[in-house]
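Colleague: I am sharing entry34.cif, which consists of mmCIF, C-alpha atoms and all ligand atoms:
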data_protein
#
loop_
_atom_site.label_atom_id
_atom_site.label_comp_id
_atom_site.auth_asym_id
_atom_site.auth_seq_id
_atom_site.Cartn_x
_atom_site.Cartn_y
_atom_site.Cartn_z
CA MET A 1 -38.56 -9.31 -53.77
CA THR A 2 -40.47 -6.55 -52.01
CA ALA A 3 -43.99 -7.35 -50.91
CA ASP A 4 -47.05 -5.51 -52.17
CA VAL A 5 -48.00 -3.17 -49.33
CA SER A 6 -50.58 -1.14 -51.24
CA ALA A 7 -53.91 0.04 -49.87
CA GLU A 8 -55.52 -2.21 -52.50
CA ARG A 9 -53.85 -5.26 -51.02
CA ALA A 10 -55.02 -4.24 -47.53
CA GLY A 11 -58.53 -3.92 -48.95
CA ARG A 12 -58.32 -7.37 -50.52
CA LEU A 13 -57.09 -8.90 -47.27
CA ASP A 14 -59.96 -7.25 -45.38
CA ALA A 15 -62.49 -8.42 -47.97
CA ALA A 16 -61.25 -12.01 -47.72
CA ASP A 17 -61.18 -11.95 -43.90
CA GLU A 18 -63.73 -14.44 -42.54
CA LEU A 19 -63.48 -12.90 -39.08
CA ALA A 20 -64.14 -9.31 -40.22
CA PRO A 21 -67.86 -9.50 -39.29
CA PHE A 22 -66.88 -10.09 -35.65
CA ARG A 23 -65.74 -6.48 -35.41
CA ALA A 24 -69.37 -5.38 -35.31
CA ARG A 25 -69.78 -7.36 -32.08
CA PHE A 26 -67.59 -4.88 -30.19
CA VAL A 27 -68.40 -1.49 -28.69
CA PRO A 28 -67.51 1.01 -31.44
CA ILE A 29 -64.59 3.30 -30.62
CA ALA A 30 -66.37 6.62 -30.15
CA ASP A 31 -63.16 8.66 -30.05
CA PRO A 32 -62.69 9.93 -33.65
CA GLY A 33 -58.99 10.47 -32.96
CA VAL A 34 -58.24 6.75 -32.79
CA VAL A 35 -56.61 5.63 -36.06
CA ALA A 36 -55.70 2.12 -34.95
CA TYR A 37 -55.99 0.14 -31.75
CA LEU A 38 -52.98 -2.14 -31.57
CA ASP A 39 -53.04 -2.76 -27.85
CA GLY A 40 -55.65 -5.50 -27.55
CA ASN A 41 -52.89 -7.70 -26.15
CA SER A 42 -52.82 -5.47 -23.08
CA LEU A 43 -56.50 -4.61 -22.91
CA GLY A 44 -58.92 -6.18 -25.38
CA ARG A 45 -61.84 -4.10 -26.60
CA PRO A 46 -65.24 -4.55 -24.92
CA LEU A 47 -67.98 -6.70 -26.42
CA LEU A 48 -71.44 -5.22 -26.93
CA ALA A 49 -72.79 -8.40 -25.33
CA THR A 50 -70.78 -7.73 -22.16
CA ALA A 51 -72.27 -4.25 -21.81
CA GLU A 52 -75.77 -5.70 -22.23
CA ARG A 53 -75.21 -8.66 -19.92
CA LEU A 54 -73.74 -6.42 -17.21
CA GLN A 55 -76.90 -4.33 -17.18
CA GLU A 56 -79.02 -7.45 -17.07
CA VAL A 57 -76.99 -9.04 -14.29
CA VAL A 58 -77.16 -5.85 -12.22
CA ALA A 59 -80.90 -5.42 -12.80
CA GLN A 60 -82.02 -9.04 -12.65
CA GLU A 61 -79.58 -11.40 -10.98
CA TRP A 62 -78.31 -8.85 -8.48
CA GLY A 63 -81.13 -6.27 -8.34
CA SER A 64 -84.07 -8.63 -8.33
CA ARG A 65 -82.94 -12.09 -7.29
CA LEU A 66 -80.56 -10.53 -4.75
CA ILE A 67 -78.55 -12.96 -2.63
CA ARG A 68 -80.50 -15.93 -4.00
CA SER A 69 -78.40 -15.57 -7.17
CA TRP A 70 -75.41 -17.10 -5.42
CA ASP A 71 -77.20 -20.44 -5.36
CA GLU A 72 -79.05 -19.92 -8.61
CA HIS A 73 -76.12 -18.83 -10.80
CA TRP A 74 -73.01 -17.48 -9.24
CA LEU A 75 -71.36 -20.11 -7.04
CA THR A 76 -70.82 -22.48 -9.92
CA LEU A 77 -69.77 -19.78 -12.40
CA PRO A 78 -65.96 -20.01 -11.86
CA GLY A 79 -65.99 -23.71 -12.74
CA ARG A 80 -68.53 -23.44 -15.56
CA ILE A 81 -66.57 -20.68 -17.30
CA GLY A 82 -63.34 -22.58 -16.60
CA ASP A 83 -64.73 -25.68 -18.34
CA HIS A 84 -65.84 -23.65 -21.34
CA LEU A 85 -62.49 -21.87 -21.55
CA GLY A 86 -60.77 -25.24 -21.25
CA ARG A 87 -62.72 -26.61 -24.20
CA VAL A 88 -62.49 -23.51 -26.40
CA ALA A 89 -58.93 -22.34 -25.79
CA LEU A 90 -56.87 -24.58 -23.52
CA GLY A 91 -57.31 -28.13 -24.78
CA ALA A 92 -58.42 -29.06 -21.28
CA ALA A 93 -61.07 -31.61 -20.35
CA PRO A 94 -63.71 -30.40 -17.85
CA GLY A 95 -62.90 -30.01 -14.17
CA GLN A 96 -59.35 -28.72 -14.60
CA ALA A 97 -59.66 -24.97 -15.22
CA ILE A 98 -61.31 -22.39 -12.97
CA VAL A 99 -61.68 -18.61 -12.99
CA ALA A 100 -60.22 -16.81 -9.98
CA ASP A 101 -58.19 -13.90 -8.63
CA SER A 102 -55.55 -12.16 -10.76
CA THR A 103 -52.83 -13.93 -12.71
CA SER A 104 -50.33 -12.93 -10.03
CA VAL A 105 -52.35 -14.56 -7.27
CA CYS A 106 -53.00 -17.66 -9.39
CA LEU A 107 -49.26 -17.88 -10.04
CA TYR A 108 -48.53 -17.65 -6.34
CA LYS A 109 -50.97 -20.44 -5.57
CA THR A 110 -49.80 -22.78 -8.32
CA ILE A 111 -46.07 -22.26 -7.77
CA ARG A 112 -46.50 -22.89 -4.05
CA ALA A 113 -48.59 -25.98 -4.74
CA ALA A 114 -46.08 -27.26 -7.31
CA VAL A 115 -43.18 -26.86 -4.90
CA ALA A 116 -45.14 -28.64 -2.16
CA LEU A 117 -45.60 -31.59 -4.53
CA ARG A 118 -41.84 -32.04 -4.80
CA PRO A 119 -40.58 -32.18 -1.20
CA GLY A 120 -36.82 -32.38 -0.79
CA ARG A 121 -36.14 -30.41 -3.97
CA ASP A 122 -34.90 -26.90 -3.28
CA GLU A 123 -34.79 -24.98 -6.56
CA ILE A 124 -37.26 -23.06 -8.70
CA VAL A 125 -36.27 -22.37 -12.29
CA THR A 126 -37.40 -19.34 -14.28
CA ASP A 127 -35.86 -17.07 -16.90
CA THR A 128 -34.48 -13.56 -16.68
CA ALA A 129 -36.73 -12.32 -19.52
CA ASN A 130 -39.94 -13.61 -17.94
CA PHE A 131 -42.71 -11.13 -17.12
CA PRO A 132 -41.95 -9.17 -13.92
CA THR A 133 -44.80 -10.61 -11.85
CA ASP A 134 -43.56 -14.16 -12.57
CA ARG A 135 -39.97 -13.32 -11.62
CA PHE A 136 -40.97 -11.37 -8.53
CA LEU A 137 -43.20 -14.18 -7.28
CA VAL A 138 -40.56 -16.83 -7.89
CA GLU A 139 -38.11 -14.76 -5.87
CA SER A 140 -40.49 -14.12 -3.01
CA ILE A 141 -41.63 -17.75 -2.84
CA ALA A 142 -38.01 -18.87 -2.81
CA ALA A 143 -37.30 -16.44 0.04
CA GLU A 144 -40.41 -17.57 1.91
CA LEU A 145 -39.57 -21.27 1.65
CA GLY A 146 -35.77 -21.10 1.78
CA LEU A 147 -35.33 -22.25 -1.83
CA THR A 148 -32.87 -21.12 -4.50
CA VAL A 149 -33.86 -19.50 -7.79
CA ARG A 150 -31.99 -20.96 -10.74
CA TRP A 151 -32.11 -18.37 -13.49
CA ILE A 152 -32.11 -19.20 -17.18
CA ASP A 153 -30.21 -16.35 -18.76
CA ALA A 154 -32.65 -15.58 -21.56
CA ASP A 155 -32.20 -13.14 -24.40
CA PRO A 156 -34.63 -10.25 -23.67
CA TRP A 157 -36.01 -10.57 -27.22
CA ASP A 158 -35.49 -14.17 -28.29
CA GLY A 159 -36.43 -15.59 -24.90
CA PHE A 160 -35.08 -18.95 -23.81
CA GLY A 161 -34.41 -22.13 -25.75
CA ALA A 162 -35.24 -25.69 -24.81
CA GLU A 163 -31.48 -26.37 -24.46
CA GLN A 164 -31.21 -23.68 -21.80
CA VAL A 165 -34.11 -25.21 -19.90
CA ALA A 166 -32.43 -28.62 -20.19
CA GLU A 167 -29.27 -27.18 -18.66
CA ALA A 168 -31.05 -25.47 -15.79
CA VAL A 169 -33.45 -28.21 -14.70
CA GLY A 170 -32.02 -31.04 -12.63
CA GLU A 171 -32.64 -33.28 -9.67
CA ARG A 172 -32.87 -30.32 -7.30
CA THR A 173 -35.59 -28.59 -9.34
CA ALA A 174 -39.05 -28.59 -7.81
CA ALA A 175 -40.84 -26.29 -10.26
CA VAL A 176 -40.15 -24.51 -13.55
CA VAL A 177 -42.04 -21.26 -14.22
CA LEU A 178 -42.12 -20.08 -17.82
CA SER A 179 -44.25 -18.01 -20.20
CA HIS A 180 -45.64 -19.70 -23.28
CA VAL A 181 -45.56 -16.55 -25.44
CA ASP A 182 -42.93 -13.92 -24.63
CA TYR A 183 -44.52 -10.60 -23.66
CA ARG A 184 -41.86 -8.56 -25.46
CA SER A 185 -41.21 -10.40 -28.72
CA ALA A 186 -44.12 -12.88 -28.97
CA ALA A 187 -41.63 -15.76 -29.31
CA ILE A 188 -43.52 -19.03 -28.69
CA ALA A 189 -41.96 -21.60 -26.37
CA ASP A 190 -42.33 -25.31 -27.07
CA LEU A 191 -44.81 -26.00 -24.27
CA ALA A 192 -45.14 -29.72 -24.93
CA GLY A 193 -41.42 -30.38 -25.47
CA ILE A 194 -40.30 -28.39 -22.46
CA THR A 195 -42.97 -29.95 -20.24
CA ARG A 196 -41.69 -33.41 -21.29
CA LEU A 197 -38.14 -32.39 -20.48
CA VAL A 198 -39.14 -31.00 -17.07
CA HIS A 199 -40.97 -34.26 -16.29
CA GLU A 200 -37.99 -36.37 -17.34
CA ARG A 201 -36.05 -34.64 -14.57
CA GLY A 202 -38.83 -35.23 -12.06
CA ALA A 203 -39.93 -31.58 -11.77
CA LEU A 204 -43.25 -29.83 -12.47
CA ALA A 205 -43.97 -26.99 -14.89
CA VAL A 206 -46.11 -23.89 -14.32
CA TRP A 207 -46.98 -22.14 -17.60
CA ASP A 208 -48.03 -18.50 -17.89
CA LEU A 209 -50.48 -18.31 -20.79
CA CYS A 210 -51.29 -14.58 -20.59
CA HIS A 211 -50.11 -13.88 -24.14
CA SER A 212 -51.35 -17.11 -25.67
CA VAL A 213 -54.86 -17.70 -24.37
CA GLY A 214 -57.40 -16.67 -27.00
CA SER A 215 -54.67 -16.01 -29.56
CA ILE A 216 -53.01 -19.34 -30.26
CA PRO A 217 -54.36 -22.84 -29.60
CA VAL A 218 -53.02 -24.35 -26.40
CA GLU A 219 -53.22 -28.10 -25.82
CA LEU A 220 -52.64 -28.56 -22.11
CA ASP A 221 -54.01 -32.08 -21.73
CA ALA A 222 -52.20 -33.36 -24.81
CA ALA A 223 -48.94 -31.85 -23.52
CA GLU A 224 -49.50 -33.47 -20.11
CA ALA A 225 -49.10 -30.01 -18.60
CA ASP A 226 -49.14 -29.78 -14.81
CA PHE A 227 -50.29 -26.23 -14.07
CA ALA A 228 -51.10 -23.10 -16.07
CA VAL A 229 -52.41 -19.62 -15.38
CA GLY A 230 -53.47 -16.74 -17.57
CA CYS A 231 -55.39 -13.52 -17.77
CA THR A 232 -58.67 -12.80 -19.52
CA TYR A 233 -58.42 -9.08 -20.25
CA LYS A 234 -56.15 -9.38 -23.30
CA PHE A 235 -57.29 -11.66 -26.15
CA LEU A 236 -60.41 -12.74 -24.26
CA ASN A 237 -61.70 -9.15 -24.02
CA ALA A 238 -63.08 -9.67 -20.51
CA GLY A 239 -62.34 -6.15 -19.27
CA PRO A 240 -59.90 -4.25 -17.06
CA GLY A 241 -59.09 -6.27 -13.97
CA ALA A 242 -61.29 -9.18 -15.01
CA PRO A 243 -60.37 -12.34 -13.09
CA ALA A 244 -57.69 -14.75 -14.28
CA PHE A 245 -57.85 -18.54 -14.57
CA LEU A 246 -55.77 -21.42 -13.43
CA TYR A 247 -55.45 -24.98 -14.68
CA VAL A 248 -54.54 -27.91 -12.48
CA ALA A 249 -54.18 -31.25 -14.28
CA ALA A 250 -56.66 -33.79 -12.91
CA ARG A 251 -53.85 -36.10 -11.77
CA HIS A 252 -52.47 -33.44 -9.40
CA GLN A 253 -55.72 -32.26 -7.89
CA ASP A 254 -56.03 -34.59 -4.88
CA ALA A 255 -52.62 -33.45 -3.65
CA PHE A 256 -52.95 -29.81 -4.81
CA ALA A 257 -52.36 -27.78 -1.63
CA GLN A 258 -52.50 -24.06 -2.30
CA PRO A 259 -51.63 -21.54 0.39
CA ILE A 260 -54.64 -19.18 0.35
CA THR A 261 -57.03 -21.53 2.09
CA GLY A 262 -60.21 -19.49 2.05
CA TRP A 263 -63.76 -20.71 2.54
CA MET A 264 -64.62 -20.83 -1.18
CA GLY A 265 -62.04 -23.55 -1.68
CA ALA A 266 -63.14 -25.50 1.35
CA ALA A 267 -65.03 -28.77 1.09
CA ASP A 268 -68.17 -27.35 2.71
CA THR A 269 -68.19 -23.59 2.09
CA PHE A 270 -71.17 -22.94 4.33
CA GLY A 271 -70.40 -25.65 6.89
CA MET A 272 -68.45 -23.12 8.98
CA ALA A 273 -66.12 -25.95 10.00
CA ALA A 274 -63.51 -25.54 12.72
CA HIS A 275 -60.66 -26.31 10.29
CA TYR A 276 -59.96 -26.09 6.57
CA GLU A 277 -60.68 -29.15 4.52
CA PRO A 278 -60.02 -28.66 0.79
CA ALA A 279 -62.86 -29.19 -1.67
CA PRO A 280 -62.45 -32.13 -3.99
CA GLY A 281 -61.39 -31.27 -7.54
CA ILE A 282 -60.48 -27.92 -9.04
CA ARG A 283 -62.67 -25.92 -6.62
CA ARG A 284 -59.90 -26.21 -4.00
CA ALA A 285 -57.97 -23.67 -6.11
CA LEU A 286 -60.45 -20.95 -5.10
CA SER A 287 -59.98 -18.74 -2.06
CA GLY A 288 -62.57 -16.00 -1.60
CA THR A 289 -65.82 -14.77 -3.10
CA PRO A 290 -65.68 -14.87 -6.92
CA PRO A 291 -65.90 -11.48 -8.70
CA VAL A 292 -69.25 -11.95 -10.41
CA LEU A 293 -69.34 -8.76 -12.48
CA GLY A 294 -65.82 -9.36 -13.75
CA MET A 295 -66.73 -12.91 -14.70
CA VAL A 296 -69.51 -11.66 -17.00
CA GLY A 297 -66.86 -10.30 -19.34
CA VAL A 298 -64.95 -13.59 -19.24
CA GLN A 299 -68.09 -15.53 -20.03
CA GLU A 300 -68.91 -13.36 -23.04
CA GLY A 301 -65.31 -13.29 -24.29
CA VAL A 302 -65.07 -17.07 -24.18
CA ALA A 303 -68.48 -17.42 -25.89
CA LEU A 304 -67.37 -15.16 -28.74
CA LEU A 305 -64.11 -17.06 -29.12
CA ALA A 306 -66.11 -20.30 -29.29
CA GLU A 307 -68.11 -18.84 -32.17
CA ALA A 308 -65.04 -17.62 -34.03
CA GLY A 309 -62.98 -20.74 -33.32
CA ILE A 310 -59.39 -20.60 -32.07
CA THR A 311 -58.10 -22.11 -35.34
CA ARG A 312 -59.49 -19.24 -37.40
CA VAL A 313 -58.28 -16.74 -34.80
CA ARG A 314 -54.77 -18.15 -34.99
CA ALA A 315 -54.80 -18.17 -38.82
CA LYS A 316 -55.73 -14.49 -38.86
CA ALA A 317 -53.14 -13.64 -36.20
CA VAL A 318 -50.50 -15.23 -38.43
CA ALA A 319 -51.75 -13.31 -41.48
CA LEU A 320 -51.81 -10.01 -39.55
CA GLY A 321 -48.29 -10.70 -38.28
CA ARG A 322 -47.02 -11.33 -41.80
CA TRP A 323 -48.71 -8.14 -42.98
CA VAL A 324 -46.97 -6.13 -40.25
CA LEU A 325 -43.64 -7.69 -41.23
CA ASP A 326 -44.20 -6.85 -44.92
CA LEU A 327 -45.03 -3.26 -44.02
CA ALA A 328 -42.15 -2.97 -41.57
CA ASP A 329 -39.66 -4.31 -44.12
CA ALA A 330 -40.92 -1.90 -46.77
CA TRP A 331 -41.31 1.21 -44.67
CA LEU A 332 -39.61 0.99 -41.28
CA VAL A 333 -36.43 -1.05 -41.70
CA PRO A 334 -35.04 1.58 -44.15
CA LEU A 335 -35.59 4.16 -41.36
CA GLY A 336 -33.46 2.26 -38.84
CA PHE A 337 -36.07 0.03 -37.19
CA THR A 338 -35.30 -3.63 -36.50
CA ILE A 339 -37.75 -6.50 -36.14
CA ALA A 340 -37.68 -8.00 -32.66
CA SER A 341 -40.23 -10.77 -33.20
CA PRO A 342 -39.62 -14.14 -34.86
CA ARG A 343 -40.16 -14.08 -38.61
CA GLU A 344 -41.23 -17.73 -38.72
CA ASP A 345 -45.00 -17.88 -38.40
CA ASP A 346 -44.98 -20.90 -36.12
CA ARG A 347 -42.58 -19.20 -33.68
CA ARG A 348 -44.51 -15.89 -33.41
CA GLY A 349 -47.58 -15.28 -31.22
CA GLY A 350 -50.17 -12.54 -31.50
CA HIS A 351 -48.04 -9.42 -31.69
CA VAL A 352 -45.05 -8.02 -33.53
CA THR A 353 -42.45 -5.81 -31.85
CA VAL A 354 -40.24 -3.40 -33.74
CA ARG A 355 -37.28 -1.69 -32.14
CA HIS A 356 -35.99 1.83 -32.65
CA PRO A 357 -33.47 3.89 -30.64
CA ASP A 358 -36.08 6.63 -30.23
CA ALA A 359 -38.95 4.24 -29.44
CA GLU A 360 -40.01 5.84 -26.17
CA ARG A 361 -40.53 9.31 -27.62
CA LEU A 362 -42.03 7.89 -30.80
CA SER A 363 -44.52 5.77 -28.84
CA ALA A 364 -45.80 8.81 -26.99
CA ARG A 365 -46.18 10.68 -30.30
CA LEU A 366 -47.99 7.74 -31.87
CA ILE A 367 -50.51 7.57 -29.05
CA GLU A 368 -51.05 11.34 -29.35
CA HIS A 369 -51.75 10.77 -33.06
CA GLY A 370 -54.27 8.00 -32.51
CA VAL A 371 -52.09 4.93 -33.02
CA ILE A 372 -52.44 3.10 -29.74
CA ILE A 373 -49.51 0.77 -29.20
CA ASP A 374 -47.38 -0.34 -26.26
CA PHE A 375 -43.87 0.85 -25.50
CA ARG A 376 -41.72 -1.87 -23.99
CA ARG A 377 -38.40 -1.00 -22.45
CA PRO A 378 -35.78 -0.34 -23.55
CA ASP A 379 -36.65 0.38 -27.18
CA GLY A 380 -39.56 -1.78 -28.35
CA ILE A 381 -42.85 -0.73 -29.92
CA ARG A 382 -45.26 -3.60 -29.50
CA LEU A 383 -47.99 -3.92 -32.11
CA GLY A 384 -50.80 -6.06 -30.71
CA LEU A 385 -52.91 -7.94 -33.24
CA SER A 386 -56.34 -9.02 -32.02
CA PRO A 387 -57.91 -11.10 -34.78
CA LEU A 388 -61.50 -10.39 -33.70
CA THR A 389 -61.07 -6.62 -33.86
CA THR A 390 -57.95 -5.73 -35.84
CA GLY A 391 -58.25 -5.09 -39.60
CA PHE A 392 -55.59 -5.13 -42.33
CA THR A 393 -56.31 -1.54 -43.44
CA GLU A 394 -56.19 -0.47 -39.79
CA VAL A 395 -52.72 -2.01 -39.49
CA ARG A 396 -51.56 -0.33 -42.71
CA ASP A 397 -52.82 3.05 -41.49
CA ALA A 398 -50.92 2.55 -38.22
CA MET A 399 -47.70 1.61 -40.00
CA ALA A 400 -48.02 4.63 -42.31
CA ARG A 401 -48.33 6.86 -39.24
CA ILE A 402 -45.26 5.24 -37.66
CA ARG A 403 -43.26 5.91 -40.86
CA GLU A 404 -44.48 9.50 -40.92
CA LEU A 405 -43.62 10.26 -37.29
CA ALA A 406 -40.34 8.35 -37.03
C1 LIG A 501 -47.18 -12.54 -19.19
C2 LIG A 501 -47.91 -11.91 -18.06
N1 LIG A 501 -47.92 -12.52 -16.85
C3 LIG A 501 -48.56 -12.00 -15.80
C4 LIG A 501 -49.23 -10.80 -15.89
C5 LIG A 501 -49.86 -10.22 -14.66
O1 LIG A 501 -51.23 -10.42 -14.62
P1 LIG A 501 -52.14 -9.83 -13.46
O2 LIG A 501 -52.02 -8.36 -13.50
O3 LIG A 501 -53.52 -10.35 -13.82
O4 LIG A 501 -51.69 -10.38 -12.16
C6 LIG A 501 -49.28 -10.13 -17.12
C7 LIG A 501 -49.99 -8.85 -17.25
O5 LIG A 501 -50.01 -8.19 -18.24
C8 LIG A 501 -48.59 -10.70 -18.22
O6 LIG A 501 -48.58 -10.11 -19.42
#
Let me see the structure of the file written as structure tokens.
Modeller:
Amino acid sequence: MTADVSAERAGRLDAADELAPFRARFVPIADPGVVAYLDGNSLGRPLLATAERLQEVVAQEWGSRLIRSWDEHWLTLPGRIGDHLGRVALGAAPGQAIVADSTSVCLYKTIRAAVALRPGRDEIVTDTANFPTDRFLVESIAAELGLTVRWIDADPWDGFGAEQVAEAVGERTAAVVLSHVDYRSAAIADLAGITRLVHERGALAVWDLCHSVGSIPVELDAAEADFAVGCTYKFLNAGPGAPAFLYVAARHQDAFAQPITGWMGAADTFGMAAHYEPAPGIRRALSGTPPVLGMVGVQEGVALLAEAGITRVRAKAVALGRWVLDLADAWLVPLGFTIASPREDDRRGGHVTVRHPDAERLSARLIEHGVIIDFRRPDGIRLGLSPLTTGFTEVRDAMARIRELA
């Protein structure tokens, strides 16, 4: 049976959308040429509140309180935002998440720390379809420490399965580095099940949550996760280059030894001690001065997510995903497109990717015609669905334009 893909149905879905009012909380897109923004999973749209708070922080906290603001507000900000993010999106009790650096740097720190917690083990496991930064860092850390990379040969679209992880992880494995939601296809990995399996073999898991945080609920404490990292500029709308976050389970913190031992992670930051002594708790994950202006966007993004609720966000992401699949089946599959994302709702994250032999050229044409999507090599068009900003009519308009230009 073919699904109803009419404009009326899109209108009904928009009218029934509990999260639709949140759209008014974002900076309107002034460019009249933009038909649909389906790239919020690369760069989320800015919040009006962030623009206001940035002005206020520059004028008041920075402009008027000057350096006193470090003590009054800023020094504790990475941990305070981390705690809020932990509660709202990560299923993490306070004191385990902190905002810092970029995802790449956070990955470097956590992988190094994980490996150091498993002395005598000489392998790091990751998969061939993982995001480039993850693979590159695993390779360079292995080279730095004289370890071996054990690759899981993952399907570039379907990702890896738990059985493949089970095969790769053994008594030589120190750390396993995997993404929770695949950046190409949005396939969701079984974070809890795989973490359990990794632990059974005595290793530690580092999860990359870039494509899950703010889009699907993550339950790190319940899964007994060890370490996780993620970015804030996608579904958390924190802004280009906004800082990332890392999570270190409380039980690992006393022994968490990360390699970038800067003064902000030292026990007494202003003690000017002769030698590095790590701070107790999650603060030891920090290195240098926190990026205050970038953190404003994180703070506002997390606050908005708290208001919307991750459960409602996930429910809308699922509904938007189904809508894209209905439209793709009706309009694009007959034109030679294939669906590269899982069809099962519980296996698909916050985007849908369609493949087409001419995807690269078509992507450029789509962007020219106001449908902002991502091209992912070799032939994927990634349609990002951001529940706080994306509408059902907007998605239908985008799909109509894809059909027209294909
Ligand atoms: C899955 C994944 N991991 C890591 C990164 C890299 O993040 P960063 O540029 O903050 O280091 C990205 C960036 O898009 C990503 O999508």
Colleague: Sorted by chain and rising residue number, list the residues of region 224-341 of chain A at most 10 Å from region 199-203 of chain A (counting all atoms listed in the file), each with its closest atom pair and distance in Å to one decimal, as CSV.
Modeller:
residue,atom,partner,partner_atom,distance
A:Glu224,CA,A:His199,CA,9.4
A:Ala225,CA,A:His199,CA,9.5
A:Asp226,CA,A:His199,CA,9.4
Colleague: Hey, which residues sit close to ligand LIG 501 (chain A)? Say within 9 Å, counting all atoms listed in the file, and write them as a PyMOL selection string.
Modeller: chain A and resi 41-43+101-107+130-134+179-183+208-212+229-234+241-244
Colleague: Quick one: everything within 7 Å of region 173-176 of chain A, counting only C-alpha atoms, minus sequence neighbours fewer than 6 positions away in the same chain. Send it as JSON, numbers by chain.
Modeller: {"A": [114, 115, 118, 121, 122, 123, 124, 125, 126, 203, 204, 205, 206]}
Colleague: I need the residues from that last selection saved to file as an mmCIF file, in the frame of the given file (with C-alpha atoms), if you can.
Modeller:
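Result went into again_26.cif, see below:
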data_model
loop_
_atom_site.group_PDB
_atom_site.id
_atom_site.type_symbol
_atom_site.label_atom_id
_atom_site.label_comp_id
_atom_site.auth_asym_id
_atom_site.auth_seq_id
_atom_site.Cartn_x
_atom_site.Cartn_y
_atom_site.Cartn_z
ATOM 1 C CA ALA A 114 -46.080 -27.260 -7.310
ATOM 2 C CA VAL A 115 -43.180 -26.860 -4.900
ATOM 3 C CA ARG A 118 -41.840 -32.040 -4.800
ATOM 4 C CA ARG A 121 -36.140 -30.410 -3.970
ATOM 5 C CA ASP A 122 -34.900 -26.900 -3.280
ATOM 6 C CA GLU A 123 -34.790 -24.980 -6.560
ATOM 7 C CA ILE A 124 -37.260 -23.060 -8.700
ATOM 8 C CA VAL A 125 -36.270 -22.370 -12.290
ATOM 9 C CA THR A 126 -37.400 -19.340 -14.280
ATOM 10 C CA ALA A 203 -39.930 -31.580 -11.770
ATOM 11 C CA LEU A 204 -43.250 -29.830 -12.470
ATOM 12 C CA ALA A 205 -43.970 -26.990 -14.890
ATOM 13 C CA VAL A 206 -46.110 -23.890 -14.320
#
Colleague: Give me, as a tab-separated table, each residue of region 267-355 of chain A that comes within 9 Å of region 2-24 of chain A, together with its shortest interatomic pair and the distance in Å at one decimal, counting only C-alpha atoms, with rows ordered by chain and rising residue number.
Modeller:
residue	atom	partner	partner_atom	distance
A:Leu304	CA	A:Phe22	CA	8.6
A:Ala308	CA	A:Leu19	CA	7.1
A:Arg312	CA	A:Leu19	CA	7.7
A:Val313	CA	A:Leu19	CA	7.8
A:Lys316	CA	A:Asp17	CA	7.8
A:Trp323	CA	A:Val5	CA	8.1
A:Asp326	CA	A:Ala3	CA	6.0
A:Leu327	CA	A:Val5	CA	6.1
A:Asp329	CA	A:Thr2	CA	8.2
A:Ala330	CA	A:Thr2	CA	7.0
Colleague: Measuring between only C-alpha atoms, which one of A:Pro387, A:Gly349, A:Gly265, A:Gly120 shows the shortest distance to Leu305 (chain A)?
Modeller: A:Pro387
Colleague: Set the distance at 9 Å and use all atoms listed in the file: which residues neighbour Glu360 (chain A) once local chain neighbours fewer than 4 positions away are removed? I'd like the list as a ChimeraX atom specification.
Modeller: /A:356,364-365,375-381
Colleague: Expressed in Å to a single decimal, how great is the separation between CA of Ala89 (chain A) and CA of Ala186 (chain A)?
Modeller: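 Interatomic distance, CA of Ala89 (chain A) to CA of Ala186 (chain A): 17.9 Å.
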Colleague: Just checking: using only C-alpha atoms, which residue out of A:Ala279, A:Val35, A:Ala257, A:Ala238 ends up closest to Gly297 (chain A)?
Modeller: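 Distance minimum relative to Gly297 (chain A) lands on A:Ala238.
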Colleague: Extract, using all atoms listed in the file, all DNA, RNA and protein residues at most 8 Å from region 151-163 of chain A, discarding same-chain residues fewer than 2 positions from it, and format them as number ranges by chain.
Modeller: A: 125-129, 149, 165-168, 182, 184-185, 187, 189-190, 193-194, 340-342
Colleague: Write out the residues from the selection above, keeping C-alpha atoms, as a PDB file, keeping the file's coordinate frame.
Modeller:
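Writing done, so here's out.pdb:
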ATOM      1  CA  VAL A 125     -36.270 -22.370 -12.290  1.00  0.00           C
ATOM      2  CA  THR A 126     -37.400 -19.340 -14.280  1.00  0.00           C
ATOM      3  CA  ASP A 127     -35.860 -17.070 -16.900  1.00  0.00           C
ATOM      4  CA  THR A 128     -34.480 -13.560 -16.680  1.00  0.00           C
ATOM      5  CA  ALA A 129     -36.730 -12.320 -19.520  1.00  0.00           C
ATOM      6  CA  VAL A 149     -33.860 -19.500  -7.790  1.00  0.00           C
ATOM      7  CA  VAL A 165     -34.110 -25.210 -19.900  1.00  0.00           C
ATOM      8  CA  ALA A 166     -32.430 -28.620 -20.190  1.00  0.00           C
ATOM      9  CA  GLU A 167     -29.270 -27.180 -18.660  1.00  0.00           C
ATOM     10  CA  ALA A 168     -31.050 -25.470 -15.790  1.00  0.00           C
ATOM     11  CA  ASP A 182     -42.930 -13.920 -24.630  1.00  0.00           C
ATOM     12  CA  ARG A 184     -41.860  -8.560 -25.460  1.00  0.00           C
ATOM     13  CA  SER A 185     -41.210 -10.400 -28.720  1.00  0.00           C
ATOM     14  CA  ALA A 187     -41.630 -15.760 -29.310  1.00  0.00           C
ATOM     15  CA  ALA A 189     -41.960 -21.600 -26.370  1.00  0.00           C
ATOM     16  CA  ASP A 190     -42.330 -25.310 -27.070  1.00  0.00           C
ATOM     17  CA  GLY A 193     -41.420 -30.380 -25.470  1.00  0.00           C
ATOM     18  CA  ILE A 194     -40.300 -28.390 -22.460  1.00  0.00           C
ATOM     19  CA  ALA A 340     -37.680  -8.000 -32.660  1.00  0.00           C
ATOM     20  CA  SER A 341     -40.230 -10.770 -33.200  1.00  0.00           C
ATOM     21  CA  PRO A 342     -39.620 -14.140 -34.860  1.00  0.00           C
TER      22      PRO A 342
END
